[in-house]
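Only one structure is covered here, and it is reproduced in the block below.
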Amino acid sequence: MLVIREATHAFSIKFMEDEMKDVLTELYNVVLKRKENPEQGSYTCYLFEQGIDKILKKIGEESAETIIAAKNHTQKPSDELKNEICDLLYHLLVMCAELDLPLEEVYEILEQRRQKIGNLKQMKVVDRNT
């Protein structure tokens with residue numbers, strides 16, 4: 001029974017990872033379409049028109065807002081925190097599109113890092129009394 005439960009849990013995690021990857025890929029594709037075919041009144045198009053400095057400024061703002069929301073949350077992550085994380089991810093996708101960085105290359109690096117799970121580094125012992 002434990003083997004079935006572990007297999008089901010592993011499948012659930014893999015399914016959620018695939019779902020997240022699909023959502024990010026779909027959003028990235030929308031961002032790319034806005035870059036290639038600008039639409040009047042689109043916030044994404046506005047960011048592309050303003051250029052990389054504006055996009056990076058927004059990433060900085062969203063990073064700060066995410067930190068503040070995380071700092072302010074209690075036991076259960078708030079809707080504010082979830083929304084700020086989504087805003088940050090969106091602006092990171094816009095940056096990738098502006099810099100012609102395919103999202104698949106980011107996924108590849110994440111996958112390489114995931115393979116290192118369990119490969120723990122030795123922590124340095126620091127004498128804080130001196």
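Note on naming: chains are A, B, ... as they come in the structure tokens, residues start from 1 per chain, ligands start from 1 in the order shown.
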
Need to verify the contact set: Ile85 of chain A, 12 Å, only C-alpha atoms, exclusion of same-chain residues closer than 3 positions in sequence. Can you return it as a list in words?
Ile59, Glu61, Glu62, Ser63, Ala64, Glu65, Thr66, Ile67, Ile68, Ala69, Ala70, Pro77, Ser78, Asp79, Glu80, Leu81, Lys82, Leu88, Leu89, Tyr90, His91 and Leu92 of chain A

So that I can check the secondary structure, give me every residue of chain A assigned alpha helix (DSSP H) by backbone DSSP, as a ChimeraX atom specification.
/A:2-36,43-50,52-72,79-98,103-114

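Shortest separation to Cys96 of chain A among A:Lys58, A:Glu26, A:Lys116, A:Leu32 occurs at residue A:Leu32, atoms counted being only C-alpha atoms.
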
So, counting only C-alpha atoms, which residue among A:Glu19, A:Leu56, A:Tyr28, A:Gln115 is closest to Leu101 of chain A?
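Nearest to Leu101 of chain A: A:Tyr28.
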
note - atom CA of Thr44 of chain A and atom CA of Glu105 of chain A are separated by 21.7 Å
